[in-house]
Each structure stands twice: as C-alpha cells, then as structure tokens.
Amino acid sequence: MKELVKKTLNILNAPDVQFGDVRVTVTDNENIFFERGFLKGAASEIASTSIGVRVLIGGTWGFASTSDLSSASIEKIVKEAVQNARLGARFKNSPIEYKPVDGIVASYHFDPIKDPFKIPLKEKVSYLGEIASKMGKLDGIVHSIVHTHFYKQYKVYGNTEGTLVDTTVYDARPSMMVAAADQNGFQTRAFPGHMPAQRGGFEVLEKLDFINNIDKIAEEAKELLTAPRVTEDQADIIINNGHLALQLHESVGHATEADRMFGMEISYAGKTFVKENMLGNFKYGSDLVNIYTDASDKRGIGYHPVDDDGIPSKRVDIIKNGVLVDLQTSRYTAAELGLEPSSNMMATHASEFPLIRMSNICIAPGKGSLADLIKDTENGYLLDYTKTWSIDDNRNNFQFTTEIGWKIENGEIKHIVKEPTYFGITKDFWNSCDRICGPEEWGFYGTFYCGKGEPGQVMHLSHGVAPMRFKNVKMLPGN
Amino acid sequence: MNDFIHKLESLMKEYSQYKFQFHFRIWKTEFLRFFRSMTNYNISKEITSAACTMYKGKKSYSFSVDDPTFDKIHKGIEDAIGIIDSLPEDPDYVDMDDDTSIAPETKVVNNIESLPLEKKIEILSSISEEAAKREFKIFGTFITNFVKGFVLNSNGVKKEFVTSPIMLDVKAVSDNNMVTVLESFGGPDPDKFNQNEFTDSLMKKVDMACLPVVDAPAGKYEVILSPAAIGEFIGYLMHGAHAATLDQGSSFFQDQLDKKIFPETINITDEPHNENLIPSSYSGSGRTLHDLPIVTNGVFKNFMVDNYYGNKLKMDKNGNEAGNLVMGNGDKTVDEMISSVKDGLYISKLHYMNFINPKDMTVTGLTRDGTFLIKDGKIVNVINNLRYTESIGRIIGAICEIERKRHALPSSENYGTFGISTSLMPHVKVKDFNITSSTETI
C-alpha cells in the first residue's frame, strides 16, 4: 500500500498543486449483538478499502475517493480532485495558505494481546452469549443488550512534502445495557457507560468482567423506576468518569475546535462561543482546571504518529490554570490564528475529507480519591452514566441527564435518584469546579461515535478524566 | 447489474440449503461544502458495496464487501458456511420478507449530470452576492447523489431501485453578530428549484435577522414552529411508532392503537410516493411501500411494522420507515398565525434534541438558525437561541393552528451513504411551549 500511495503522489505533481496528500485505509469491523439473551446480529466487514486524494490548488481544496484501487480508477480520482479544486476556486474570496512542514517517515503497529480477528467467531459468540443469557433471564428487566464492536485499521498517509506514515490500530467497544419499565417510565442502566471504547483487542472485553456486573445494573434499573428525583433547583454535584468524559467532550472538546470558530461546521455541527480574542485571557474554568490535547499518548484511542495534515502528534495545553491558551487546530486555521498546528486533523477513512477532530483530550488530575471527595461533600449528588445529552450550536448552553445519581448528605451516600438533570453555561460551569480527584481515579474513556462533518464521519477518540466536583450547579427538579 | 443479479441467483440455487438476502448499492455523490461565501471543499465519491445475510433455520450471519465481485461474495459465503452452524438461534426469527410486488416505475434523472459543479458554483455565487449586500455570508452544502441498487432474497424478492436526490442548505450568517438563518431545497427534480424564489425567501429571513438581538427568559410561550421545527418533532415522535420500540417497552404509543390522543386537526401519514417528495419505493427488506396513516384526526392508527417485528409480534407488516412524512394542512396563512400571537416566539429550527425518556416522549433540545420574538402580532427581535425541555406528545396535543400551505423539506441522515429524505410540513402554532433556559449566545 505504501508503494501505491507513493505512486499516486507522483502523479499529483502538477505545477499548480500547492499541496497534496494521499491516504489508503483498510478497515475491519466486527459486530456481535445480543438482545434479550439471543444473538440478533453477527456481522463483519473485512478489509474495507479506500483511497482518497486531496489537493490544494489556487487556495481551494479538491477531493475525490474510491474503493476501487485499480490504476485507471486512481487516475480518475486524481483528475476529479484536481478538477474539483480548480472549479471550486471560482467561488472564493480568500485563498487557503499552507505553511510548509518537514516530511516525516514513521510506522506504528499496535499488537493486541488477543487479536479479535484471529479468534474464531464461535468463541466470541460463546463468551458474549453467556453474558447475554444471564441478562435475558433477569426478573423485572424488559430489555437487554450486549454488543461488542471490534475494529482494526491499517492506514498509509503520504503527502507532497515527503511524509509517509503507516499505522495499524485495534480498538474494542464492549457494552451492555438493561432496561426496566412500568407505567411511569423506562429506565436504563449501561455498563461500562457511554464511552466504553479502548485501544486493544478481545482482552478489553475480558478485563471489564461483564458477568459480575450484571446484577448490579439490573437492580439499579429496577430501583430507578420508583426512585425519587432531585428536588433542588441548585446543588453541588460530583461527576464521575462514566459521564464526565462526555461533559468534557461536548463543552470543551468541541468548543475548542478552531474550524467551528471559522464557521466551517456551521451548516451541520455548529459554531462555538470561543472567539480569537479570548486566547490567553478568557477564564474558561477555575484555577484547578487544566485541559490538554495529547495525540502522542498511546494509551488513548486518539493516538497517531502524524495527523492527516502531516503534523506530528504532540501534547498541547488548551486550558492552563483555568485560562484558554490554545485550540485544536489544522494547518490552515493555526496559520490564520498565529498558532502552531495541534495535530488534530483526521478523517475516519481514506474516502473522507479530514476535519479538526479531538484525539485524546484530557483533564489533568488533581488530588485525592473519590471516596475522599464524597466525604468532603456536605450536601449534594454524585452523578454517573450518561442518559441524555444536549448542547447548543455555540457549545455554551448544555443540559445533561445521567442514568443514575446518588444523594449525598454529610459526606455519605444516602439513596439513588432518577434522571438527575443539570444544565448551565459552559464558562460558569467549569469555573464552579472546586475539586478534581487524583491520578488513582484518572482513566481513559473512549468512543467510536463522535459525529462531525458533511458527509458525516464518526471518529474514534478518548478522554482522560478523574471525578470532579462543581458547586451550585443548576438542576431541573422533578415531581 | 442484471448480470450480477443472475449470478447471485445462481449462487442461491447452488447453496439451496441456506437462505440469502443480498443488498447491492452503487452510490455516487458530488458534495460541495461552502463557508464564508467560498468553497470549503468539493468531494467526488463513488462507493460500490454489497451486504449479504445468510440464514440456516433461525441462525444467521451477515457480511459486507466493498467493491464487490462475484468471487468476493462467493468467498464470503464459503466463510459464512464455516461459521453459521456454530451460532445460536434467534427464536424470534421466522422468515425473510416475501413481498414480491413491484412499485410503480418512476423516471429518475441523474442529477449529478444535470447539476454539475459549474452550475452549483454559479447558483451559489449569485446567492452570495445578494447576501453580501446585507453584510451576510453564506455557508452550507449543495449535494447531488445518484444511487442505484437492488434487494434480492431467497423468497423471490427482487427489487431494483434508483434515486438521485438534490439537497441545498444555505445558511446566511451576519458579518456583524453571527445571527444565522436558513433556506433549504430538496427533492428529486431540479426543475422545481426556483432560484429567484429561493433567494427572495432567504433574503426575507436575512432582513428579519437584522433586527436587534435580545434574550428571552425561561417560561411558557405561544410559539409558531416553522415547518422544519415541527418536522423534527414529528420525526422524533415516530420513534414510538416503530413496532421495534413497542417490543422493547419504550413506545409512547403502547396501548394507544385506535385511541384519540391528539386534537382532531392532527393528521400524520407516511407517503412514500408523494410527488412532492423524494420517492421511497422499498423498505430495507425489499417490501414495497404504500401510504400509511399514522395519526388520523387525532387517532393513532398504525405502527410501522417491518418484516422481523411483524412476524415476532404478529402484526400486519407494512415496511414503512417514516421516510416521507406528511402532516395534514390547516386553514391559516403563516402571516395570519403570526399576527394572532400577542407575546410569543417564532422558532425556525431545532438543534441537538435528545430523549430524556422515550416512553413519555420527554426531550430536551435547542433552537437554532433564527429564533424571533413576536409582540402584538409582529416579529420585532432576534432572540438568543433557547433551550426547551418538553414532551413531544404534549406539543402535538397543544397545536391550535395549522398553516394552509405545506413545505417540502430535505433532511439527511448525514452518515453512511448520506441518505436524503424529504417531508411535507406546514407551520403550526403551539400553546405553552416550555422554554427552560437561554443560551446567552446567538
């Protein structure tokens, strides 16, 4: 595939091509899905292959892709990409400038402990079937799902600056969910939560020990049907990792993507309240809040040696001691803002155009355990596991409901509450943080499904978080 | 394609101890994305893919291949044979679809050819010039797809389809304060795109967007929902009208069949062959689609039932998927509706809506692309985007006026093969709409 990329780059060398890159991806996906104890789907997509060509001509991008890797097909897409850029340049008011970057040659190939694509399907189905079977027999549970998605991608990226990088990654996304229902509602509990994806193979599923967590989530789902709701319209809340990763994702991750600032995502994903003049002075969070993007951390599924813009992976502080200091950028947006590109341009497959995407965006840990933090809380709630999420076009007004909450009184957990819902304005919320737990509580939480772009792409990425406490957060009291 | 179908039919005969369902699709897109009144990128993309589900009794296994050839599919089947016996049964599975009827043929023009990139750029340049006169820039997408494929199965289902939808979304954004308004066109026929009407309608909204911006406090409001906004609410309402959600215990319509749940003026149908909409001939399993009344005079009439859940729940199958929703019209003009509001809101579009509880249809979401304050029957201000927390069932139940005219609106699933569908919706007036907070931003 490397040779194919090099060969394609050679035919891109037209005099008016300012910059060009070529990507090839070969992707394997396997999904195994049980519902109410029975296998409902076992499906594979093996060696799904595509090639994409991106060219910058006259300050305008053109792109074309195909799943047909024949020479004739590749020549055709090169012509289409060039034609798209040349015609597109007729609708332009300022050209895209590209500051050159030195070429890089690198390789990264992740080896899972247990390659899921080498384990016979029968074994995987049997392992998950045992879990599903136990879930399907639970009293008071109206619905249950066990789903595991295994993923492998081989990728080659090359550009006209001499960069040539190939990578192989494996990710796994195991999840299970139970639902209880009565006349008054429908309550779910998922395990291990909304962001269960991790880098690795079958061992990711084994480590989660699903079988010994079934009874707990089933009991909680049933208890939630009759549990009280939050009664206060304002409360101190501790957000645990099973939900905090999404709070970070929605109200910091997306908000600090520079393409949103430029309106490049207005037509679908939206804008951001963050403006250029906030850099270096906007108090995004309290002094405790340090948030960074780190595509060089191999523990997260957002790791890459080089992004799809030819920028080597790096760690970049986004919020330092509460102040907004940088953004997630592409080469184009970084140059426009006078910043260094942050290595955040990625496409899901070679058939797609790269966008600014989160890689591993993390909150630096503070001190102490979750148990200590609960003890230190006089009156409030511990919230965990995302149920509903919603945030506005500018990433400023959010509202989240978690699957479950626990009332805390005088430093002790008292009882569960159902559908705890909190809302707020991004800046006020992050400034209300007064405690962050330490490294012992910190971990990566990943997703396969971060949607962005048109045509839409779903990206694999992760977040490093430790539980945090927020003071006087607005709550939606229930009846 | 016929040759390929024949080869697959011969494969089905060769492996007659199994049953097969094949989906084959050639998908092409010409996808122009623009921002700040200039090209962001143009994408030319072609994907050919095939998916096969193989059954042995109640056991099944699926696989998909890109750039499919007969040899690749043959190999996939050989691999599946080595797997399928080891899999457990699905006791709820009965059989694959057996509807062999063919939908009426519709003439399809390849809009990738009829609307080339040069023409798209010409249209956008013209709209951009009008917007610039008012200090607005345009952002959005101009998409033409061409999709051709078939569904084939061992029960004799052999359905070919071809479609070529167009979708144009233009957001005009103020250079001064980022106030945004949207105009859309979607459908199968480029001749129905009237550039002057489209531009005039967008500029009328731009003029509204030049009004001063104010904040609105949380509270209950009388609101006019645009066709796009009510269309989104009805789209979410349809979650509960799928037989799958009935089976899973999360349907809002459980035990409501033939009961009056909304005002008599509410009519909602799925009309796959409505001439104003992008036609949908067949369901995913190949069932030929027909008009399906879902709510008639306020009475819930039908669930959407696919082959699997039809067998499982012993319900009549229809295959409808809410891809062509039509809301019944009323007797008012939109101007009459606005003029009857003393103190309320006009909501153009919704954003990031999500269920809090699907069973009682409670959702939260936000407004976007133009939220306006109405005072004494006139639009007087732009309002910062707002958050609502509401039950969609309550919203539909609180509709008190419906527009006479209906508007064809495109929407897209955005992911995968960017399937574009259309719905036909009027403006509606709703009482006591529950705004729960302001976003403080436009």
# chains A, B, ... in the order shown; residues from 1 in each chain; ligands from 1
$ closest_atom_pairs --of "chain B" --to "chain A" --cutoff "7 Å" --atoms "only C-alpha atoms" --output "Markdown table"
| residue | atom | partner | partner_atom | distance |
| --- | --- | --- | --- | --- |
| B:Phe35 | CA | A:Met264 | CA | 5.6 |
| B:Ser37 | CA | A:Lys92 | CA | 6.9 |
| B:Met38 | CA | A:Lys92 | CA | 4.2 |
| B:Thr39 | CA | A:Gly88 | CA | 5.7 |
| B:Asn40 | CA | A:Trp61 | CA | 6.8 |
| B:Tyr41 | CA | A:Trp61 | CA | 5.0 |
| B:Asn42 | CA | A:Gly62 | CA | 5.2 |
| B:Ile43 | CA | A:Phe63 | CA | 4.9 |
| B:Ser44 | CA | A:Ala64 | CA | 4.6 |
| B:Lys45 | CA | A:Ser65 | CA | 5.1 |
| B:Glu46 | CA | A:Thr66 | CA | 5.5 |
| B:Ile47 | CA | A:Ser67 | CA | 6.1 |
| B:Tyr61 | CA | A:Ala42 | CA | 5.5 |
| B:Ser62 | CA | A:Ala43 | CA | 4.5 |
| B:Phe63 | CA | A:Ser44 | CA | 4.9 |
| B:Ser64 | CA | A:Glu45 | CA | 5.1 |
| B:Val65 | CA | A:Glu45 | CA | 6.3 |
| B:Asp66 | CA | A:Ser48 | CA | 5.8 |
| B:Asp67 | CA | A:Ser67 | CA | 6.1 |
| B:Ser86 | CA | A:Lys122 | CA | 5.7 |
| B:Leu87 | CA | A:Lys122 | CA | 6.4 |
| B:Pro88 | CA | A:Leu39 | CA | 6.5 |
| B:Glu89 | CA | A:Leu39 | CA | 6.8 |
| B:Asp90 | CA | A:Phe38 | CA | 5.7 |
| B:Glu118 | CA | A:Leu87 | CA | 6.8 |
| B:Ile121 | CA | A:Phe91 | CA | 6.3 |
| B:Ser125 | CA | A:Phe91 | CA | 6.5 |
| B:Phe139 | CA | A:Ser267 | CA | 6.2 |
| B:Gly140 | CA | A:Ser267 | CA | 4.7 |
| B:Lys171 | CA | A:Ser267 | CA | 6.7 |
| B:Gln248 | CA | A:His143 | CA | 5.9 |
| B:Gly249 | CA | A:Val142 | CA | 6.6 |
| B:Ser250 | CA | A:Phe186 | CA | 6.3 |
| B:His351 | CA | A:Asp392 | CA | 6.7 |
| B:Tyr352 | CA | A:Ser390 | CA | 5.4 |
| B:Met353 | CA | A:Ser390 | CA | 6.3 |
| B:Asn354 | CA | A:Thr388 | CA | 6.2 |
| B:Phe355 | CA | A:Thr388 | CA | 6.3 |
| B:Ile356 | CA | A:Thr388 | CA | 5.6 |
| B:Asn357 | CA | A:Phe186 | CA | 6.6 |
| B:Lys359 | CA | A:Gly185 | CA | 6.1 |
| B:Asp360 | CA | A:Gly185 | CA | 6.9 |
| B:Thr364 | CA | A:Ser390 | CA | 6.9 |
| B:Gly365 | CA | A:Ser390 | CA | 6.0 |
| B:Leu366 | CA | A:Asp392 | CA | 6.0 |
| B:Arg368 | CA | A:Asp393 | CA | 6.9 |
| B:Asn414 | CA | A:Gly456 | CA | 5.1 |
| B:Tyr415 | CA | A:Gly456 | CA | 4.6 |
| B:Phe418 | CA | A:Pro455 | CA | 6.4 |
| B:Thr439 | CA | A:Asn397 | CA | 4.8 |
| B:Thr441 | CA | A:Asn394 | CA | 6.9 |
$ residues_around --residues "stretch 426-437 of chain B" --least-positions-apart "5" --cutoff "9 Å" --atoms "only C-alpha atoms" --output "ChimeraX atom specification"
/A:397,423-424,476 /B:216-231,327-330,333-334,337-338,341,386-390,395-407
$ residues_around --residues "A:Gly446" --least-positions-apart "6" --cutoff "10 Å" --atoms "only C-alpha atoms" --output "number ranges by chain"
A: 171-173, 194-199, 245-246, 300-302, 359-360, 460-464
$ residues_around --residues "A:Leu12" --least-positions-apart "4" --cutoff "12 Å" --atoms "only C-alpha atoms" --output "list in words"
Val5, Lys6, Lys7, Thr8, Asp16, Val17, Gln18, Phe19, Gly20, Asp21, Val22, Val53, Arg54, Val55, Leu56, Ile57, Ile74, Glu75, Lys76, Ile77, Val78, Lys79, Glu80, Ala81, Val82, Gly158, Asn159, Thr160 and Glu161 of chain A
$ write_last_selection --atoms "C-alpha atoms" --output "PDB file, in the first residue's frame"
ATOM      1  CA  VAL A   5       0.499   5.891  -2.078  1.00  0.00           C
ATOM      2  CA  LYS A   6       3.942   6.908  -3.390  1.00  0.00           C
ATOM      3  CA  LYS A   7       2.894   6.178  -6.976  1.00  0.00           C
ATOM      4  CA  THR A   8      -0.273   8.234  -6.578  1.00  0.00           C
ATOM      5  CA  ASP A  16      -0.294  24.292  -9.766  1.00  0.00           C
ATOM      6  CA  VAL A  17      -0.670  21.789  -6.897  1.00  0.00           C
ATOM      7  CA  GLN A  18       0.331  23.727  -3.742  1.00  0.00           C
ATOM      8  CA  PHE A  19      -0.064  20.687  -1.521  1.00  0.00           C
ATOM      9  CA  GLY A  20      -1.439  17.215  -1.945  1.00  0.00           C
ATOM     10  CA  ASP A  21      -1.889  14.120   0.133  1.00  0.00           C
ATOM     11  CA  VAL A  22      -2.973  10.556  -0.401  1.00  0.00           C
ATOM     12  CA  VAL A  53      -6.717  12.174  -2.807  1.00  0.00           C
ATOM     13  CA  ARG A  54      -6.741  15.754  -1.508  1.00  0.00           C
ATOM     14  CA  VAL A  55      -5.229  18.629  -3.443  1.00  0.00           C
ATOM     15  CA  LEU A  56      -4.862  22.326  -2.771  1.00  0.00           C
ATOM     16  CA  ILE A  57      -4.879  24.365  -5.976  1.00  0.00           C
ATOM     17  CA  ILE A  74      -6.866   6.109  -9.191  1.00  0.00           C
ATOM     18  CA  GLU A  75      -6.034   8.204 -12.240  1.00  0.00           C
ATOM     19  CA  LYS A  76      -9.713   9.100 -12.471  1.00  0.00           C
ATOM     20  CA  ILE A  77      -9.944  10.306  -8.855  1.00  0.00           C
ATOM     21  CA  VAL A  78      -6.748  12.330  -9.173  1.00  0.00           C
ATOM     22  CA  LYS A  79      -8.302  14.111 -12.160  1.00  0.00           C
ATOM     23  CA  GLU A  80     -11.563  14.622 -10.262  1.00  0.00           C
ATOM     24  CA  ALA A  81      -9.798  16.031  -7.204  1.00  0.00           C
ATOM     25  CA  VAL A  82      -7.816  18.453  -9.359  1.00  0.00           C
ATOM     26  CA  GLY A 158       1.661  10.323   2.361  1.00  0.00           C
ATOM     27  CA  ASN A 159       1.959  13.895   1.178  1.00  0.00           C
ATOM     28  CA  THR A 160       3.831  16.028  -1.318  1.00  0.00           C
ATOM     29  CA  GLU A 161       6.210  17.217   1.443  1.00  0.00           C
TER      30      GLU A 161
END
$ closest_residue --among "A:Ser251, A:Ser343, A:Phe33, A:Phe202" --to "A:Met177" --atoms "only C-alpha atoms"
A:Phe33
$ residues_around --residues "A:Lys474" --least-positions-apart "6" --cutoff "6 Å" --atoms "only C-alpha atoms" --output "count of residues only"
4
$ select_by_dssp --residues "stretch 116-360 of chain A" --states "alpha helix (DSSP H)" --output "ChimeraX atom specification"
/A:121-136,202-208,214-226,241-248,258-261,331-337
$ write_last_selection --atoms "C-alpha atoms" --output "PDB file, in the first residue's frame"
ATOM      1  CA  LEU A 121     -16.395 -16.229  15.884  1.00  0.00           C
ATOM      2  CA  LYS A 122     -17.813 -19.220  17.736  1.00  0.00           C
ATOM      3  CA  GLU A 123     -15.605 -18.459  20.749  1.00  0.00           C
ATOM      4  CA  LYS A 124     -16.539 -14.785  20.823  1.00  0.00           C
ATOM      5  CA  VAL A 125     -20.232 -15.572  20.463  1.00  0.00           C
ATOM      6  CA  SER A 126     -19.991 -18.153  23.205  1.00  0.00           C
ATOM      7  CA  TYR A 127     -18.278 -15.692  25.582  1.00  0.00           C
ATOM      8  CA  LEU A 128     -20.850 -12.957  24.951  1.00  0.00           C
ATOM      9  CA  GLY A 129     -23.702 -15.454  24.821  1.00  0.00           C
ATOM     10  CA  GLU A 130     -23.057 -16.469  28.423  1.00  0.00           C
ATOM     11  CA  ILE A 131     -23.370 -12.811  29.475  1.00  0.00           C
ATOM     12  CA  ALA A 132     -26.450 -12.264  27.315  1.00  0.00           C
ATOM     13  CA  SER A 133     -28.107 -15.408  28.554  1.00  0.00           C
ATOM     14  CA  LYS A 134     -27.784 -14.299  32.176  1.00  0.00           C
ATOM     15  CA  MET A 135     -29.186 -10.877  31.263  1.00  0.00           C
ATOM     16  CA  GLY A 136     -32.094 -12.372  29.328  1.00  0.00           C
ATOM     17  CA  PHE A 202     -10.540  -9.138  22.965  1.00  0.00           C
ATOM     18  CA  GLU A 203      -8.715  -8.523  26.251  1.00  0.00           C
ATOM     19  CA  VAL A 204     -10.587  -5.215  26.613  1.00  0.00           C
ATOM     20  CA  LEU A 205     -13.837  -7.146  26.915  1.00  0.00           C
ATOM     21  CA  GLU A 206     -12.386  -9.696  29.321  1.00  0.00           C
ATOM     22  CA  LYS A 207     -10.968  -7.067  31.660  1.00  0.00           C
ATOM     23  CA  LEU A 208     -14.357  -5.408  32.082  1.00  0.00           C
ATOM     24  CA  ILE A 214     -24.999  -7.652  35.518  1.00  0.00           C
ATOM     25  CA  ASP A 215     -26.846  -7.988  38.805  1.00  0.00           C
ATOM     26  CA  LYS A 216     -25.757  -4.539  39.953  1.00  0.00           C
ATOM     27  CA  ILE A 217     -27.044  -2.689  36.872  1.00  0.00           C
ATOM     28  CA  ALA A 218     -30.240  -4.739  36.786  1.00  0.00           C
ATOM     29  CA  GLU A 219     -31.041  -3.890  40.394  1.00  0.00           C
ATOM     30  CA  GLU A 220     -30.273  -0.237  39.796  1.00  0.00           C
ATOM     31  CA  ALA A 221     -32.527  -0.081  36.705  1.00  0.00           C
ATOM     32  CA  LYS A 222     -35.437  -1.560  38.650  1.00  0.00           C
ATOM     33  CA  GLU A 223     -34.815   0.667  41.655  1.00  0.00           C
ATOM     34  CA  LEU A 224     -34.760   3.733  39.398  1.00  0.00           C
ATOM     35  CA  LEU A 225     -38.397   3.199  38.404  1.00  0.00           C
ATOM     36  CA  THR A 226     -39.563   4.222  41.868  1.00  0.00           C
ATOM     37  CA  ASN A 241     -15.891   9.388  34.986  1.00  0.00           C
ATOM     38  CA  GLY A 242     -18.736   7.457  33.312  1.00  0.00           C
ATOM     39  CA  HIS A 243     -20.329  10.786  32.481  1.00  0.00           C
ATOM     40  CA  LEU A 244     -17.588  13.372  32.962  1.00  0.00           C
ATOM     41  CA  ALA A 245     -15.846  12.312  29.749  1.00  0.00           C
ATOM     42  CA  LEU A 246     -18.911  13.424  27.795  1.00  0.00           C
ATOM     43  CA  GLN A 247     -19.194  16.729  29.670  1.00  0.00           C
ATOM     44  CA  LEU A 248     -15.589  17.428  28.702  1.00  0.00           C
ATOM     45  CA  ALA A 258     -10.852  26.024  15.561  1.00  0.00           C
ATOM     46  CA  ASP A 259     -12.831  25.098  12.433  1.00  0.00           C
ATOM     47  CA  ARG A 260     -16.016  25.911  14.350  1.00  0.00           C
ATOM     48  CA  MET A 261     -14.641  29.370  15.043  1.00  0.00           C
ATOM     49  CA  ARG A 331      -2.517  23.898   9.496  1.00  0.00           C
ATOM     50  CA  TYR A 332      -4.913  26.349   7.852  1.00  0.00           C
ATOM     51  CA  THR A 333      -6.708  27.501  10.999  1.00  0.00           C
ATOM     52  CA  ALA A 334      -3.475  27.606  13.033  1.00  0.00           C
ATOM     53  CA  ALA A 335      -1.840  29.873  10.452  1.00  0.00           C
ATOM     54  CA  GLU A 336      -4.882  32.168  10.419  1.00  0.00           C
ATOM     55  CA  LEU A 337      -4.761  32.418  14.227  1.00  0.00           C
TER      56      LEU A 337
END
$ select_by_dssp --residues "stretch 11-191 of chain A" --states "strand (DSSP E)" --output "number ranges by chain"
A: 17-35, 38-57, 60-66, 105-109, 143-159, 164-182, 185-191
$ residues_around --residues "stretch 294-304 of chain B" --least-positions-apart "5" --cutoff "8 Å" --atoms "only C-alpha atoms" --output "ChimeraX atom specification"
/B:241-243,253,256-270,317-322
$ residues_around --residues "stretch 370-372 of chain A" --least-positions-apart "6" --cutoff "8 Å" --atoms "only C-alpha atoms" --output "VMD selection string"
chain A and resid 437 441 467
$ closest_residue --among "A:Ile413, A:Ile408, A:Leu382, A:Ile211" --to "A:Ile239" --atoms "only C-alpha atoms"
A:Leu382
$ decode --residues "stretch 74-89 of chain A" --atoms "N, CA and C atoms" --output "mmCIF file, in the first residue's frame"
data_model
loop_
_atom_site.group_PDB
_atom_site.id
_atom_site.type_symbol
_atom_site.label_atom_id
_atom_site.label_comp_id
_atom_site.auth_asym_id
_atom_site.auth_seq_id
_atom_site.Cartn_x
_atom_site.Cartn_y
_atom_site.Cartn_z
ATOM 1 N N ILE A 74 -7.658 5.114 -9.931
ATOM 2 C CA ILE A 74 -6.866 6.109 -9.191
ATOM 3 C C ILE A 74 -6.576 7.324 -10.075
ATOM 4 N N GLU A 75 -6.249 7.064 -11.320
ATOM 5 C CA GLU A 75 -6.034 8.204 -12.240
ATOM 6 C C GLU A 75 -7.298 9.052 -12.342
ATOM 7 N N LYS A 76 -8.430 8.378 -12.367
ATOM 8 C CA LYS A 76 -9.713 9.100 -12.471
ATOM 9 C C LYS A 76 -9.934 9.996 -11.245
ATOM 10 N N ILE A 77 -9.674 9.471 -10.042
ATOM 11 C CA ILE A 77 -9.944 10.306 -8.855
ATOM 12 C C ILE A 77 -8.926 11.443 -8.735
ATOM 13 N N VAL A 78 -7.722 11.226 -9.194
ATOM 14 C CA VAL A 78 -6.748 12.330 -9.173
ATOM 15 C C VAL A 78 -7.271 13.459 -10.065
ATOM 16 N N LYS A 79 -7.750 13.093 -11.248
ATOM 17 C CA LYS A 79 -8.302 14.111 -12.160
ATOM 18 C C LYS A 79 -9.509 14.812 -11.523
ATOM 19 N N GLU A 80 -10.365 14.027 -10.893
ATOM 20 C CA GLU A 80 -11.563 14.622 -10.262
ATOM 21 C C GLU A 80 -11.187 15.585 -9.131
ATOM 22 N N ALA A 81 -10.219 15.172 -8.321
ATOM 23 C CA ALA A 81 -9.798 16.031 -7.204
ATOM 24 C C ALA A 81 -9.245 17.356 -7.738
ATOM 25 N N VAL A 82 -8.409 17.256 -8.773
ATOM 26 C CA VAL A 82 -7.816 18.453 -9.359
ATOM 27 C C VAL A 82 -8.908 19.343 -9.968
ATOM 28 N N GLN A 83 -9.821 18.716 -10.679
ATOM 29 C CA GLN A 83 -10.924 19.461 -11.305
ATOM 30 C C GLN A 83 -11.808 20.117 -10.244
ATOM 31 N N ASN A 84 -12.078 19.385 -9.160
ATOM 32 C CA ASN A 84 -12.897 19.943 -8.080
ATOM 33 C C ASN A 84 -12.243 21.177 -7.466
ATOM 34 N N ALA A 85 -10.932 21.122 -7.297
ATOM 35 C CA ALA A 85 -10.230 22.273 -6.726
ATOM 36 C C ALA A 85 -10.258 23.450 -7.701
ATOM 37 N N ARG A 86 -9.978 23.184 -8.970
ATOM 38 C CA ARG A 86 -9.926 24.279 -9.948
ATOM 39 C C ARG A 86 -11.295 24.944 -10.109
ATOM 40 N N LEU A 87 -12.345 24.131 -10.194
ATOM 41 C CA LEU A 87 -13.693 24.721 -10.326
ATOM 42 C C LEU A 87 -14.122 25.400 -9.032
ATOM 43 N N GLY A 88 -13.789 24.763 -7.921
ATOM 44 C CA GLY A 88 -14.156 25.328 -6.627
ATOM 45 C C GLY A 88 -13.529 26.688 -6.398
ATOM 46 N N ALA A 89 -12.349 26.884 -6.983
ATOM 47 C CA ALA A 89 -11.630 28.154 -6.790
ATOM 48 C C ALA A 89 -12.371 29.327 -7.420
#
